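Below is one structure, written out as C-alpha cells; the observations come after it.
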Amino acid sequence: MRPIPPFACILSLIALSTTAEARTWHIQPDGLGDAPTIQAGVDSALSGDTVLVASGLYTGPGNRDISIEGKAILVASEGGPSVTTIYCEGAGRGFDVSPGAGETATVRGFSIRGGDAEMGGGVRLRGGTGACPRLVDCRVIGNEASYGGGGVYVTNRVVGCVRRCYVLGNVAPDGGGISIGGDFAKAYVESTVVTGNRATGEWGVGGGISTELIGWVQIRNSTISGNIAAYRGGGLGLRWGDSGPVALQLSIVWDNCAPEAAELYWETPFSFDYCCADTSGIPHPELVTCYECVYSDPRFCDPGLCDGAPTEEGDYSLDASSPCRAENNEIGLL
C-alpha cells in the first residue's frame, strides 16, 4: 500500500478541526440545561455555535443584560416570542449584541420586556466596523431608554438588521421605538411593525424611529403608525446632524402624532417607493421623492391612537377594503 505523506496527515487533521460540527448549548428556565443562564451559555459558546433557549420566563442576573461580545453566534428560542420572554424588571436591557468586525451575531425569537438602559432599553446592536448584529422574529415591548432607542438602538459603524419584529409601546427622549445613532450606523428595518412608541424629550423626535449624525436607514415591508413625538416627526425623525440616505419601500407610515411634521421630519433626501404614506406637513417637500405611492387611509382593522402611546394595543392588519392591499390598487405590490 502506498504510504501517506506526513504533511497530508497534518492537512487532514486541520480540515477535521475546521469542519467540526458547531455545538448547540441548551438553556432551560430552571437552570438545569447545559448552562445555568442564557449569559452563561453565551460565554461558553464559540463562534459558529448556537445557544438554544427553551420556552419560559427568564428573569434575574444572567438572563438580562445578555452580552454577546466578539462572537458570531446564534441565540434563539425554541418556541418563539409568544412563549419565551426575557423580562428585565427595569434593571437593564435584554440583549447587547456586539459581534466582531465583519462578523454576524443573531438574536431570534424572544419577547423582550421591562428593559431600562441609557441606549436601547430592549436591545442594543453594536460591534466592530462592518459588524452585522441582527434581531429577528422578536417582540420588543414596553422598554425605556434615558437617551435614545426605547426599544432598539443601533450604534456607530455597524450594519444592524431588525427583521420580522414587533417594536411596541417603548419610550425614550428620542427614537421611542428604534434609534440609529453614531457615525455611519446603518440599519435595515424589514417586515417590522413599529407602533405605540413615544419620544418624550422636550425636543424629542422620531416617536417610531429616529436617526442622528450620519445614520442610514432602509425600511421595507413595514408599518409605522400610532407613534408620538413631543417635538417633531411622530413616525420618523432626524434628531440632529446630517442623515445619510433614507428610503422606504413597500411600507405604511400613517396616523402618527407630533406638534410639527406629524408623520416624518427630515432635512435630507428621502424616498418612498410603493408606499402608503401621509406626506402632508412634511418640511422641505422638494427633498421627498415618491414613486407609485398611495396617499389615503390604509384602513387598519383596529389601530391604536397615537396620543395613547406608549401602548402595545392595536390591530394593524389591513381591512379587506384597504387601498394598501395589492388587489385594491393599481400598483399591485403593497
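Letters for chains follow the order of the C-alpha cells (A, B, ...), residue numbers begin at 1 for each chain, and ligand numbers begin at 1 in the order shown.
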(message) Give me, as a list of chain:residue names, all polymer residues having an atom no more than 10 Å from A:Arg299, counting only C-alpha atoms and skipping those fewer than 6 positions away in the same chain.
(response)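 Near neighbours after the sequence-gap exclusion: A:Trp254, A:Tyr316, A:Ser317, A:Leu318, A:Asp319, A:Ala320, A:Ser321, A:Ser322, A:Pro323, A:Cys324, A:Arg325.
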Name all residues at most 8 Å from A:Glu69 (count only C-alpha atoms; drop same-chain ones fewer than 2 positions away) and give them as a compact mmCIF listing (two decimals) with C-alpha atoms, in the first residue's frame.
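Written out: result-v5.txt:
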# COMPACT_ATOMS: atom_id res chain seq x y z
CA SER A 67 -23.89 40.46 26.26
CA LYS A 71 -18.67 36.19 18.72
CA VAL A 97 -25.27 42.32 20.62
CA SER A 98 -21.71 43.17 19.57
CA PRO A 99 -20.06 40.79 17.08
CA GLY A 100 -16.52 41.39 15.91
CA GLY A 127 -19.84 45.98 17.23
(message) Which residue is closest to A:Gly130? Choose from A:Lys186, A:Val205, A:Ala145, A:Thr85 and count only C-alpha atoms.
(response) A:Lys186
(request) Based on DSSP run over this structure's backbone, return all residues of stretch 19-103 of chain A in alpha helix (DSSP H), as a list in words. (result)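 DSSP-assigned alpha helix (DSSP H) residues in stretch 19-103 of chain A: Ile38, Gln39, Ala40, Gly41, Val42, Asp43 and Ser44 of chain A.
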Residues from last step as file, N, CA and C atoms, as an mmCIF file, in the first residue's frame:
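Output file part13.cif is given in full below:
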data_model
loop_
_atom_site.group_PDB
_atom_site.id
_atom_site.type_symbol
_atom_site.label_atom_id
_atom_site.label_comp_id
_atom_site.auth_asym_id
_atom_site.auth_seq_id
_atom_site.Cartn_x
_atom_site.Cartn_y
_atom_site.Cartn_z
ATOM 1 N N ILE A 38 -28.794 32.168 30.315
ATOM 2 C CA ILE A 38 -28.519 32.474 28.910
ATOM 3 C C ILE A 38 -27.126 33.072 28.765
ATOM 4 N N GLN A 39 -26.749 33.983 29.678
ATOM 5 C CA GLN A 39 -25.414 34.577 29.603
ATOM 6 C C GLN A 39 -24.325 33.524 29.746
ATOM 7 N N ALA A 40 -24.517 32.577 30.639
ATOM 8 C CA ALA A 40 -23.524 31.513 30.807
ATOM 9 C C ALA A 40 -23.401 30.681 29.537
ATOM 10 N N GLY A 41 -24.518 30.452 28.862
ATOM 11 C CA GLY A 41 -24.469 29.740 27.593
ATOM 12 C C GLY A 41 -23.717 30.522 26.535
ATOM 13 N N VAL A 42 -23.970 31.832 26.469
ATOM 14 C CA VAL A 42 -23.259 32.691 25.518
ATOM 15 C C VAL A 42 -21.767 32.695 25.816
ATOM 16 N N ASP A 43 -21.412 32.794 27.099
ATOM 17 C CA ASP A 43 -19.997 32.816 27.472
ATOM 18 C C ASP A 43 -19.298 31.506 27.113
ATOM 19 N N SER A 44 -20.026 30.402 27.161
ATOM 20 C CA SER A 44 -19.449 29.092 26.845
ATOM 21 C C SER A 44 -19.326 28.856 25.345
#
(request) Go through A:Pro133, A:Pro61, A:Gly80, A:Gly94 one by one, measure the shortest atom-to-atom distance of each to A:Ala185 using only C-alpha atoms, and give the residue with the smallest value. (result) A:Pro133
(message) List the spatial neighbours of A:Asn329 as an NGL selection string - criterion: any atom at most 12 Å away, only C-alpha atoms, same-chain residues fewer than 5 positions off excluded.
(response) :A and (274-276 or 292-296 or 298 or 321-324 or 334)
Convert the current residue selection to file output with C-alpha atoms, as a CSV table (one decimal), in the first residue's frame.
chain,number,residue,atom,x,y,z
A,274,TYR,CA,-44.5,51.7,-3.4
A,275,CYS,CA,-45.6,53.0,0.0
A,276,CYS,CA,-48.8,54.2,1.7
A,292,GLU,CA,-46.1,54.7,-7.1
A,293,CYS,CA,-47.5,55.5,-3.7
A,294,VAL,CA,-50.9,55.5,-2.1
A,295,TYR,CA,-52.0,58.7,-0.2
A,296,SER,CA,-55.2,57.6,1.5
A,298,PRO,CA,-54.7,52.4,4.9
A,321,SER,CA,-61.2,47.1,1.6
A,322,SER,CA,-57.8,48.7,2.3
A,323,PRO,CA,-56.2,50.6,-0.6
A,324,CYS,CA,-52.9,49.2,0.5
A,334,LEU,CA,-48.4,46.9,-1.5
(request) Provide the atom CA of A:Arg139 to atom CA of A:Ser222 distance in Å, to one decimal place. (result)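 Atom CA of A:Arg139 sits 14.3 Å away from atom CA of A:Ser222.
The coordinates place atom CA of A:Arg108 at 23.7 Å from atom CA of A:Gln249.
Here the question is which of A:Glu263, A:Asp273, A:Thr268, A:Glu330 gets nearest to A:Cys306 using only C-alpha atoms, and that residue is A:Glu263.
Taking atom CA of A:Leu238 and atom CA of A:Gly122 as endpoints, the distance between them is 21.1 Å.
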(request) Name the residues in contact with A:Val154 at a cut-off of 10 Å, using only C-alpha atoms, excluding same-chain residues fewer than 3 positions from it; report them as a list in words. (result)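 What passes the distance filter is Val97, Met119, Gly120, Val123, Arg124, Leu125, Arg126, Gly127, Pro133, Gly148, Gly149, Arg157, Val158, Val159, Gly160, Cys161, Val162, Ile178, Ser179, Ile180, Gly181, Gly182, Ala185, Lys186, Ala187, Thr211 and Gly215 of chain A.
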Residues from the last selection, N, CA and C atoms, saved as a tab-separated table (two decimals), in the first residue's frame:
chain	number	residue	atom	x	y	z
A	97	VAL	N	-25.81	43.20	21.66
A	97	VAL	CA	-25.27	42.32	20.62
A	97	VAL	C	-24.12	43.04	19.93
A	119	MET	N	-29.13	53.59	26.33
A	119	MET	CA	-29.36	53.50	24.89
A	119	MET	C	-29.80	52.08	24.56
A	120	GLY	N	-31.00	51.97	24.00
A	120	GLY	CA	-31.52	50.65	23.70
A	120	GLY	C	-32.07	49.98	24.94
A	123	VAL	N	-32.90	46.36	23.37
A	123	VAL	CA	-31.77	45.72	22.67
A	123	VAL	C	-30.84	46.81	22.15
A	124	ARG	N	-29.54	46.57	22.28
A	124	ARG	CA	-28.55	47.44	21.62
A	124	ARG	C	-27.78	46.60	20.61
A	125	LEU	N	-27.67	47.12	19.38
A	125	LEU	CA	-26.92	46.47	18.31
A	125	LEU	C	-25.69	47.30	18.02
A	126	ARG	N	-24.51	46.71	18.24
A	126	ARG	CA	-23.26	47.45	18.03
A	126	ARG	C	-22.18	46.47	17.59
A	127	GLY	N	-20.92	46.88	17.61
A	127	GLY	CA	-19.84	45.98	17.23
A	127	GLY	C	-18.75	46.70	16.47
A	133	PRO	N	-24.91	42.86	13.60
A	133	PRO	CA	-25.80	42.34	14.65
A	133	PRO	C	-27.23	42.32	14.13
A	148	GLY	N	-31.75	57.30	24.00
A	148	GLY	CA	-32.42	57.05	22.73
A	148	GLY	C	-32.64	55.58	22.49
A	149	GLY	N	-33.63	55.29	21.65
A	149	GLY	CA	-33.92	53.90	21.33
A	149	GLY	C	-34.58	53.17	22.47
A	157	ARG	N	-21.09	52.56	13.04
A	157	ARG	CA	-20.24	51.76	12.17
A	157	ARG	C	-20.63	50.28	12.09
A	158	VAL	N	-21.86	49.95	12.41
A	158	VAL	CA	-22.33	48.59	12.21
A	158	VAL	C	-23.44	48.60	11.16
A	159	VAL	N	-23.78	47.41	10.70
A	159	VAL	CA	-24.91	47.23	9.81
A	159	VAL	C	-25.94	46.42	10.58
A	160	GLY	N	-26.84	47.10	11.26
A	160	GLY	CA	-27.82	46.43	12.10
A	160	GLY	C	-29.06	46.07	11.32
A	161	CYS	N	-29.67	44.95	11.67
A	161	CYS	CA	-30.86	44.49	10.97
A	161	CYS	C	-31.94	44.13	11.99
A	162	VAL	N	-33.11	44.72	11.82
A	162	VAL	CA	-34.29	44.37	12.61
A	162	VAL	C	-35.29	43.79	11.63
A	178	ILE	N	-37.14	52.84	17.77
A	178	ILE	CA	-35.81	52.48	17.28
A	178	ILE	C	-35.02	53.76	17.06
A	179	SER	N	-33.74	53.75	17.44
A	179	SER	CA	-32.86	54.88	17.17
A	179	SER	C	-31.59	54.39	16.49
A	180	ILE	N	-31.21	55.07	15.41
A	180	ILE	CA	-29.97	54.77	14.71
A	180	ILE	C	-29.04	55.93	15.00
A	181	GLY	N	-27.98	55.70	15.78
A	181	GLY	CA	-27.15	56.80	16.23
A	181	GLY	C	-25.68	56.54	16.05
A	182	GLY	N	-24.90	57.61	15.98
A	182	GLY	CA	-23.47	57.47	15.83
A	182	GLY	C	-23.05	57.52	14.38
A	185	ALA	N	-23.69	54.65	11.19
A	185	ALA	CA	-24.52	53.49	11.53
A	185	ALA	C	-25.50	53.25	10.40
A	186	LYS	N	-25.72	51.99	10.09
A	186	LYS	CA	-26.68	51.61	9.05
A	186	LYS	C	-27.69	50.65	9.66
A	187	ALA	N	-28.92	50.79	9.25
A	187	ALA	CA	-29.95	49.89	9.77
A	187	ALA	C	-30.91	49.50	8.66
A	211	THR	N	-32.98	59.01	13.64
A	211	THR	CA	-31.56	58.87	13.34
A	211	THR	C	-30.84	60.14	13.80
A	215	GLY	N	-26.48	58.77	10.16
A	215	GLY	CA	-27.17	57.48	10.18
A	215	GLY	C	-27.81	57.19	8.83
(request) Using DSSP on the backbone coordinates, identify the residues of stretch 82-187 of chain A assigned to strand (DSSP E); present them as an NGL selection string. (result) :A and (84-87 or 95-98 or 104-108 or 111-113 or 116-119 or 123-125 or 132-136 or 139-141 or 144-148 or 152-154 or 159-163 or 166-168 or 171-172 or 178-180 or 186-187)
Residue subset to file, keeping C-alpha atoms, as a compact mmCIF listing (two decimals), in the first residue's frame:
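The resulting out13.txt:
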# COMPACT_ATOMS: atom_id res chain seq x y z
CA THR A 84 -40.19 32.79 25.51
CA THR A 85 -39.80 36.07 27.41
CA ILE A 86 -36.81 37.98 28.69
CA TYR A 87 -38.26 40.14 31.48
CA PHE A 95 -29.55 41.94 24.83
CA ASP A 96 -26.36 43.81 23.95
CA VAL A 97 -25.27 42.32 20.62
CA SER A 98 -21.71 43.17 19.57
CA THR A 104 -22.69 38.37 12.26
CA ALA A 105 -24.46 37.59 15.52
CA THR A 106 -28.20 36.95 15.68
CA VAL A 107 -30.85 37.04 18.41
CA ARG A 108 -34.05 35.30 17.28
CA SER A 111 -40.18 38.73 23.73
CA ILE A 112 -38.10 41.39 25.47
CA ARG A 113 -39.95 43.40 28.10
CA ASP A 116 -34.34 50.14 31.11
CA ALA A 117 -30.97 51.41 29.85
CA GLU A 118 -29.30 54.56 28.56
CA MET A 119 -29.36 53.50 24.89
CA VAL A 123 -31.77 45.72 22.67
CA ARG A 124 -28.55 47.44 21.62
CA LEU A 125 -26.92 46.47 18.31
CA CYS A 132 -23.77 42.68 11.45
CA PRO A 133 -25.80 42.34 14.65
CA ARG A 134 -29.30 41.06 13.85
CA LEU A 135 -32.60 40.97 15.71
CA VAL A 136 -35.08 38.59 14.10
CA ARG A 139 -41.20 41.34 20.18
CA VAL A 140 -39.64 44.35 21.87
CA ILE A 141 -42.37 45.71 24.11
CA GLU A 144 -37.40 52.53 28.24
CA ALA A 145 -34.15 54.35 27.48
CA SER A 146 -32.84 57.53 29.07
CA TYR A 147 -31.08 58.70 25.87
CA GLY A 148 -32.42 57.05 22.73
CA VAL A 152 -33.74 49.19 19.92
CA TYR A 153 -30.56 51.25 19.49
CA VAL A 154 -28.22 50.76 16.53
CA VAL A 159 -24.91 47.23 9.81
CA GLY A 160 -27.82 46.43 12.10
CA CYS A 161 -30.86 44.49 10.97
CA VAL A 162 -34.29 44.37 12.61
CA ARG A 163 -36.36 41.80 10.75
CA TYR A 166 -42.80 43.99 16.66
CA VAL A 167 -41.49 47.13 18.37
CA LEU A 168 -44.38 48.31 20.53
CA VAL A 171 -40.31 55.14 25.45
CA ALA A 172 -37.20 57.33 25.09
CA ILE A 178 -35.81 52.48 17.28
CA SER A 179 -32.86 54.88 17.17
CA ILE A 180 -29.97 54.77 14.71
CA LYS A 186 -26.68 51.61 9.05
CA ALA A 187 -29.95 49.89 9.77
